[in-house]
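Chemist: Following this line is protein38.cif, made up of mmCIF, C-alpha atoms:
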```
data_model
loop_
_atom_site.group_PDB
_atom_site.id
_atom_site.type_symbol
_atom_site.label_atom_id
_atom_site.label_comp_id
_atom_site.auth_asym_id
_atom_site.auth_seq_id
_atom_site.Cartn_x
_atom_site.Cartn_y
_atom_site.Cartn_z
ATOM 1 C CA VAL A 1 -5.302 -2.979 -2.917
ATOM 2 C CA ARG A 2 -8.746 -3.951 -1.691
ATOM 3 C CA ALA A 3 -7.273 -5.503 1.485
ATOM 4 C CA MET A 4 -5.265 -2.378 2.264
ATOM 5 C CA VAL A 5 -8.320 -0.160 1.729
ATOM 6 C CA GLY A 6 -10.282 -2.459 4.038
ATOM 7 C CA LEU A 7 -7.683 -2.072 6.783
ATOM 8 C CA HIS A 8 -8.141 1.692 6.706
ATOM 9 C CA ARG A 9 -11.943 1.673 6.429
ATOM 10 C CA HIS A 10 -12.865 1.568 10.112
ATOM 11 C CA ASP A 11 -12.389 4.551 12.389
ATOM 12 C CA ARG A 12 -10.274 6.551 9.991
ATOM 13 C CA ARG A 13 -9.660 9.331 12.499
ATOM 14 C CA LEU A 14 -8.273 6.913 15.080
ATOM 15 C CA HIS A 15 -6.080 5.281 12.440
ATOM 16 C CA ARG A 16 -4.637 8.660 11.457
ATOM 17 C CA VAL A 17 -3.869 9.544 15.076
ATOM 18 C CA LEU A 18 -2.226 6.174 15.763
ATOM 19 C CA PHE A 19 -0.020 6.226 12.688
ATOM 20 C CA GLU A 20 0.794 9.910 12.360
ATOM 21 C CA GLU A 21 0.730 11.400 15.814
ATOM 22 C CA SER A 22 1.607 8.735 18.359
ATOM 23 C CA PRO A 23 5.085 7.306 18.922
ATOM 24 C CA ARG A 24 5.646 3.672 17.992
ATOM 25 C CA PRO A 25 7.623 1.354 20.250
ATOM 26 C CA PRO A 26 10.821 0.061 18.563
ATOM 27 C CA GLU A 27 9.616 -3.561 18.647
ATOM 28 C CA GLN A 28 6.377 -2.604 16.891
ATOM 29 C CA LEU A 29 8.296 -0.680 14.251
ATOM 30 C CA ALA A 30 10.688 -3.625 13.732
ATOM 31 C CA ARG A 31 7.730 -5.998 13.299
ATOM 32 C CA LEU A 32 6.128 -3.619 10.811
ATOM 33 C CA HIS A 33 9.365 -3.521 8.783
ATOM 34 C CA ARG A 34 9.616 -7.340 8.811
ATOM 35 C CA LEU A 35 6.029 -7.699 7.595
ATOM 36 C CA GLU A 36 6.601 -5.117 4.885
ATOM 37 C CA GLY A 37 9.730 -6.980 3.768
ATOM 38 C CA ASP A 38 7.832 -10.277 3.637
ATOM 39 C CA LEU A 39 5.050 -8.655 1.620
ATOM 40 C CA THR A 40 7.550 -7.057 -0.763
ATOM 41 C CA ARG A 41 9.244 -10.408 -1.431
ATOM 42 C CA PHE A 42 5.846 -12.028 -2.036
ATOM 43 C CA VAL A 43 4.843 -9.278 -4.478
ATOM 44 C CA ALA A 44 8.207 -9.582 -6.274
ATOM 45 C CA GLY A 45 7.456 -13.260 -6.869
ATOM 46 C CA LEU A 46 4.042 -12.418 -8.293
ATOM 47 C CA LEU A 47 5.510 -9.754 -10.563
ATOM 48 C CA ALA A 48 8.267 -12.055 -11.820
ATOM 49 C CA ALA A 49 5.684 -14.658 -12.808
ATOM 50 C CA HIS A 50 3.229 -12.287 -14.511
ATOM 51 C CA PRO A 51 3.632 -12.048 -18.303
ATOM 52 C CA ASP A 52 2.275 -8.476 -18.551
ATOM 53 C CA VAL A 53 4.782 -6.961 -16.119
ATOM 54 C CA THR A 54 7.480 -5.095 -18.047
ATOM 55 C CA VAL A 55 9.524 -3.398 -15.311
ATOM 56 C CA PRO A 56 13.249 -4.164 -15.552
ATOM 57 C CA ASP A 57 13.736 -4.755 -11.806
ATOM 58 C CA VAL A 58 10.889 -6.683 -10.147
ATOM 59 C CA ASP A 59 12.429 -6.401 -6.681
ATOM 60 C CA LEU A 60 12.526 -2.621 -6.855
ATOM 61 C CA ALA A 61 9.104 -2.527 -8.511
ATOM 62 C CA ALA A 62 7.665 -4.677 -5.736
ATOM 63 C CA ARG A 63 8.989 -2.226 -3.161
ATOM 64 C CA PHE A 64 7.485 0.695 -5.092
ATOM 65 C CA VAL A 65 4.139 -1.097 -5.370
ATOM 66 C CA VAL A 66 3.925 -1.932 -1.658
ATOM 67 C CA VAL A 67 4.953 1.559 -0.551
ATOM 68 C CA THR A 68 2.756 3.306 -3.134
ATOM 69 C CA ILE A 69 -0.364 1.362 -2.217
ATOM 70 C CA GLU A 70 0.174 1.853 1.506
ATOM 71 C CA SER A 71 0.890 5.543 1.105
ATOM 72 C CA LEU A 72 -2.019 6.316 -1.204
ATOM 73 C CA VAL A 73 -4.517 4.363 0.865
ATOM 74 C CA HIS A 74 -3.325 5.907 4.092
ATOM 75 C CA ARG A 75 -3.288 9.475 2.785
ATOM 76 C CA VAL A 76 -6.643 9.333 1.007
ATOM 77 C CA ALA A 77 -8.540 7.113 3.446
ATOM 78 C CA THR A 78 -7.528 9.116 6.504
ATOM 79 C CA ASP A 79 -7.960 12.566 4.965
ATOM 80 C CA PRO A 80 -10.731 14.232 6.980
ATOM 81 C CA ALA A 81 -11.587 16.508 4.048
ATOM 82 C CA GLY A 82 -11.808 13.673 1.526
ATOM 83 C CA SER A 83 -14.819 11.568 0.731
ATOM 84 C CA VAL A 84 -13.556 8.993 -1.754
ATOM 85 C CA ASP A 85 -15.516 5.764 -1.542
ATOM 86 C CA ASP A 86 -13.599 2.511 -1.087
ATOM 87 C CA ASP A 87 -14.421 1.153 -4.550
ATOM 88 C CA GLY A 88 -13.335 4.378 -6.248
ATOM 89 C CA LEU A 89 -10.112 4.498 -4.260
ATOM 90 C CA THR A 90 -9.357 0.856 -5.051
ATOM 91 C CA ALA A 91 -10.014 1.330 -8.778
ATOM 92 C CA GLU A 92 -7.764 4.378 -9.056
ATOM 93 C CA ILE A 93 -4.885 2.791 -7.171
ATOM 94 C CA VAL A 94 -5.136 -0.305 -9.371
ATOM 95 C CA ARG A 95 -4.945 1.983 -12.437
ATOM 96 C CA VAL A 96 -1.824 3.713 -11.118
ATOM 97 C CA VAL A 97 -0.035 0.477 -10.202
ATOM 98 C CA THR A 98 -1.045 -1.321 -13.402
ATOM 99 C CA ALA A 99 0.150 1.568 -15.561
ATOM 100 C CA TYR A 100 3.508 1.557 -13.772
ATOM 101 C CA LEU A 101 4.002 -2.199 -14.013
ATOM 102 C CA THR A 102 3.001 -2.548 -17.661
ATOM 103 C CA SER A 103 4.403 0.591 -19.299
#
```
Output the structure of this file as structure tokens.
Modeler:
Amino acid sequence: VRAMVGLHRHDRRLHRVLFEESPRPPEQLARLHRLEGDLTRFVAGLLAAHPDVTVPDVDLAARFVVVTIESLVHRVATDPAGSVDDDGLTAEIVRVVTAYLTS
């Protein structure tokens, strides 16, 4: 979570424009999907090995975790009206993900 927040920290307005308003070349989009798939498989391995994780399907849970973190960070960090500090954002996302994985 902290790494994803860090990626969005600098020039939040530019980040929002690049990811929401500008077209992405197909090769860039394909690379992004490959990286997301690699990250999801890595997270699935971590979840499978963690004794506190209680979700029935770690592969699906890993996908939810990756997409949820990316979405929350992107939406909150690039919101021009918002002023959530990085530590607060990180802590709340960790609470959300932990509650999901251990309930």
Chemist: Expressed in Å to a single decimal, how great is the separation between atom CA of A:Pro56 and atom CA of A:Ser71?
Modeler: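 Between atom CA of A:Pro56 and atom CA of A:Ser71 the gap works out to 22.9 Å.
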Chemist: Show me, as a short mmCIF file (atom, residue, chain, number, x, y, z; two decimals) with C-alpha atoms, keeping the file's coordinate frame, the residues that have an atom within 7 Å of stretch 38-49 of chain A when counting only C-alpha atoms, minus same-chain residues fewer than 5 positions from it.
Modeler:
```cif
data_model
loop_
_atom_site.label_atom_id
_atom_site.label_comp_id
_atom_site.auth_asym_id
_atom_site.auth_seq_id
_atom_site.Cartn_x
_atom_site.Cartn_y
_atom_site.Cartn_z
CA VAL A 58 10.89 -6.68 -10.15
CA ASP A 59 12.43 -6.40 -6.68
CA ALA A 62 7.66 -4.68 -5.74
CA ARG A 63 8.99 -2.23 -3.16
CA VAL A 66 3.92 -1.93 -1.66
#
```
Chemist: Find the spatial neighbours of A:Thr98, counting only C-alpha atoms, within a cut-off of 10 Å - ignore same-chain residues fewer than 5 positions away - and output them as an MDAnalysis selection string.
Modeler: chainID A and resid 52:53 65 92:93 103
Chemist: At a cut-off of 10 Å, using all atoms listed in the file, what residues contact A:Ala91? Leave out same-chain residues fewer than 5 positions from it and give the result as a list of chain:residue names.
Modeler: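 Once the adjacent positions are removed, what remains is A:Val1, A:Arg2, A:Asp86, A:Val96.
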Chemist: Emit the selected residues as a JSON list (two decimals), in the coordinates of the input, including C-alpha atoms.
Modeler:
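Result file is out12.json:
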```json
[["chain", "number", "residue", "atom", "x", "y", "z"],
["A", 1, "VAL", "CA", -5.30, -2.98, -2.92],
["A", 2, "ARG", "CA", -8.75, -3.95, -1.69],
["A", 86, "ASP", "CA", -13.60, 2.51, -1.09],
["A", 96, "VAL", "CA", -1.82, 3.71, -11.12]]
```
Chemist: Do you have the atom CA of A:His50-atom CA of A:Val97 distance handy?
Modeler: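 These two atoms are separated by 13.9 Å.
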Chemist: For each of A:Leu35, A:Val84, A:Val94, A:Thr102, take the minimum atom-to-atom distance to A:Ile69, counting all atoms listed in the file, then give the residue where this is smallest.
Modeler: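 Among the listed residues, the smallest separation from A:Ile69 belongs to A:Val94.
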Chemist: Tell me, in Å to one decimal, how far atom CA of A:Asp79 is from atom CA of A:Phe64.
Modeler: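 Calculated distance between atom CA of A:Asp79 and atom CA of A:Phe64 is 21.9 Å.
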Chemist: Mind working out the centre and edge lengths of an axis-aligned box for stretch 85-103 of chain A, all listed atoms inside, 3 Å added to each side, rounded to one decimal in Å and written as AutoDock Vina command-line options?
Modeler:
```
--center_x -5.6 --center_y 1.6 --center_z -10.2 --size_x 25.9 --size_y 14.3 --size_z 24.2
```
Chemist: Ranking A:Ser83, A:Asp57, A:Val67, A:Pro51 by minimum distance to A:His33 and counting all atoms listed in the file, which one comes first?
Modeler: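 So, comparing all the options, the nearest one is A:Val67.
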Chemist: Where atoms are absent from stretch 17-53 of chain A, fill them in so it carries N, CA and C atoms, then output it as a short mmCIF file (atom, residue, chain, number, x, y, z; two decimals), in the frame of the given file.
Modeler:
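Printed below is rebuild_18.cif as written:
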```cif
data_model
loop_
_atom_site.label_atom_id
_atom_site.label_comp_id
_atom_site.auth_asym_id
_atom_site.auth_seq_id
_atom_site.Cartn_x
_atom_site.Cartn_y
_atom_site.Cartn_z
N VAL A 17 -4.54 9.16 13.83
CA VAL A 17 -3.87 9.54 15.08
C VAL A 17 -2.81 8.51 15.45
N LEU A 18 -3.16 7.23 15.37
CA LEU A 18 -2.23 6.17 15.76
C LEU A 18 -0.98 6.13 14.89
N PHE A 19 -1.15 6.37 13.59
CA PHE A 19 -0.02 6.23 12.69
C PHE A 19 0.73 7.52 12.41
N GLU A 20 0.12 8.65 12.67
CA GLU A 20 0.79 9.91 12.36
C GLU A 20 1.21 10.69 13.59
N GLU A 21 0.50 10.52 14.68
CA GLU A 21 0.73 11.40 15.81
C GLU A 21 1.26 10.71 17.06
N SER A 22 1.14 9.41 17.14
CA SER A 22 1.61 8.74 18.36
C SER A 22 2.94 8.03 18.10
N PRO A 23 3.81 8.01 19.10
CA PRO A 23 5.08 7.31 18.92
C PRO A 23 4.87 5.79 18.85
N ARG A 24 5.73 5.13 18.10
CA ARG A 24 5.65 3.67 17.99
C ARG A 24 6.82 3.06 18.74
N PRO A 25 6.53 2.05 19.56
CA PRO A 25 7.62 1.35 20.25
C PRO A 25 8.56 0.70 19.22
N PRO A 26 9.85 0.63 19.52
CA PRO A 26 10.82 0.06 18.56
C PRO A 26 10.47 -1.36 18.12
N GLU A 27 9.95 -2.19 19.04
CA GLU A 27 9.62 -3.56 18.65
C GLU A 27 8.44 -3.59 17.68
N GLN A 28 7.50 -2.67 17.83
CA GLN A 28 6.38 -2.60 16.89
C GLN A 28 6.87 -2.15 15.52
N LEU A 29 7.74 -1.17 15.50
CA LEU A 29 8.30 -0.68 14.25
C LEU A 29 9.12 -1.76 13.55
N ALA A 30 9.90 -2.53 14.31
CA ALA A 30 10.69 -3.62 13.73
C ALA A 30 9.77 -4.69 13.13
N ARG A 31 8.69 -5.01 13.82
CA ARG A 31 7.73 -6.00 13.30
C ARG A 31 7.09 -5.49 12.02
N LEU A 32 6.72 -4.22 12.00
CA LEU A 32 6.13 -3.62 10.81
C LEU A 32 7.09 -3.70 9.62
N HIS A 33 8.36 -3.44 9.85
CA HIS A 33 9.36 -3.52 8.78
C HIS A 33 9.55 -4.96 8.30
N ARG A 34 9.51 -5.92 9.22
CA ARG A 34 9.62 -7.34 8.81
C ARG A 34 8.42 -7.74 7.94
N LEU A 35 7.23 -7.36 8.37
CA LEU A 35 6.03 -7.70 7.60
C LEU A 35 6.06 -7.05 6.22
N GLU A 36 6.50 -5.81 6.17
CA GLU A 36 6.60 -5.12 4.88
C GLU A 36 7.63 -5.80 3.98
N GLY A 37 8.73 -6.25 4.55
CA GLY A 37 9.73 -6.98 3.77
C GLY A 37 9.19 -8.29 3.23
N ASP A 38 8.46 -9.02 4.08
CA ASP A 38 7.83 -10.28 3.64
C ASP A 38 6.85 -10.02 2.50
N LEU A 39 6.03 -8.99 2.65
CA LEU A 39 5.05 -8.65 1.62
C LEU A 39 5.75 -8.25 0.32
N THR A 40 6.81 -7.49 0.42
CA THR A 40 7.55 -7.06 -0.76
C THR A 40 8.14 -8.25 -1.51
N ARG A 41 8.70 -9.20 -0.78
CA ARG A 41 9.24 -10.41 -1.43
C ARG A 41 8.13 -11.22 -2.10
N PHE A 42 6.98 -11.32 -1.46
CA PHE A 42 5.85 -12.03 -2.04
C PHE A 42 5.39 -11.35 -3.33
N VAL A 43 5.26 -10.03 -3.29
CA VAL A 43 4.84 -9.28 -4.48
C VAL A 43 5.88 -9.42 -5.59
N ALA A 44 7.16 -9.40 -5.26
CA ALA A 44 8.21 -9.58 -6.27
C ALA A 44 8.04 -10.92 -6.99
N GLY A 45 7.70 -11.96 -6.25
CA GLY A 45 7.46 -13.26 -6.87
C GLY A 45 6.28 -13.23 -7.82
N LEU A 46 5.21 -12.55 -7.42
CA LEU A 46 4.04 -12.42 -8.29
C LEU A 46 4.39 -11.65 -9.57
N LEU A 47 5.14 -10.57 -9.40
CA LEU A 47 5.51 -9.75 -10.56
C LEU A 47 6.40 -10.53 -11.52
N ALA A 48 7.35 -11.28 -10.98
CA ALA A 48 8.27 -12.06 -11.82
C ALA A 48 7.53 -13.10 -12.65
N ALA A 49 6.43 -13.60 -12.12
CA ALA A 49 5.68 -14.66 -12.81
C ALA A 49 4.61 -14.12 -13.76
N HIS A 50 4.33 -12.83 -13.71
CA HIS A 50 3.23 -12.29 -14.51
C HIS A 50 3.73 -11.84 -15.88
N PRO A 51 3.13 -12.35 -16.96
CA PRO A 51 3.63 -12.05 -18.30
C PRO A 51 3.44 -10.60 -18.74
N ASP A 52 2.52 -9.86 -18.13
CA ASP A 52 2.28 -8.48 -18.55
C ASP A 52 3.18 -7.46 -17.87
N VAL A 53 3.91 -7.88 -16.85
CA VAL A 53 4.78 -6.96 -16.12
C VAL A 53 6.05 -6.72 -16.93
#
```
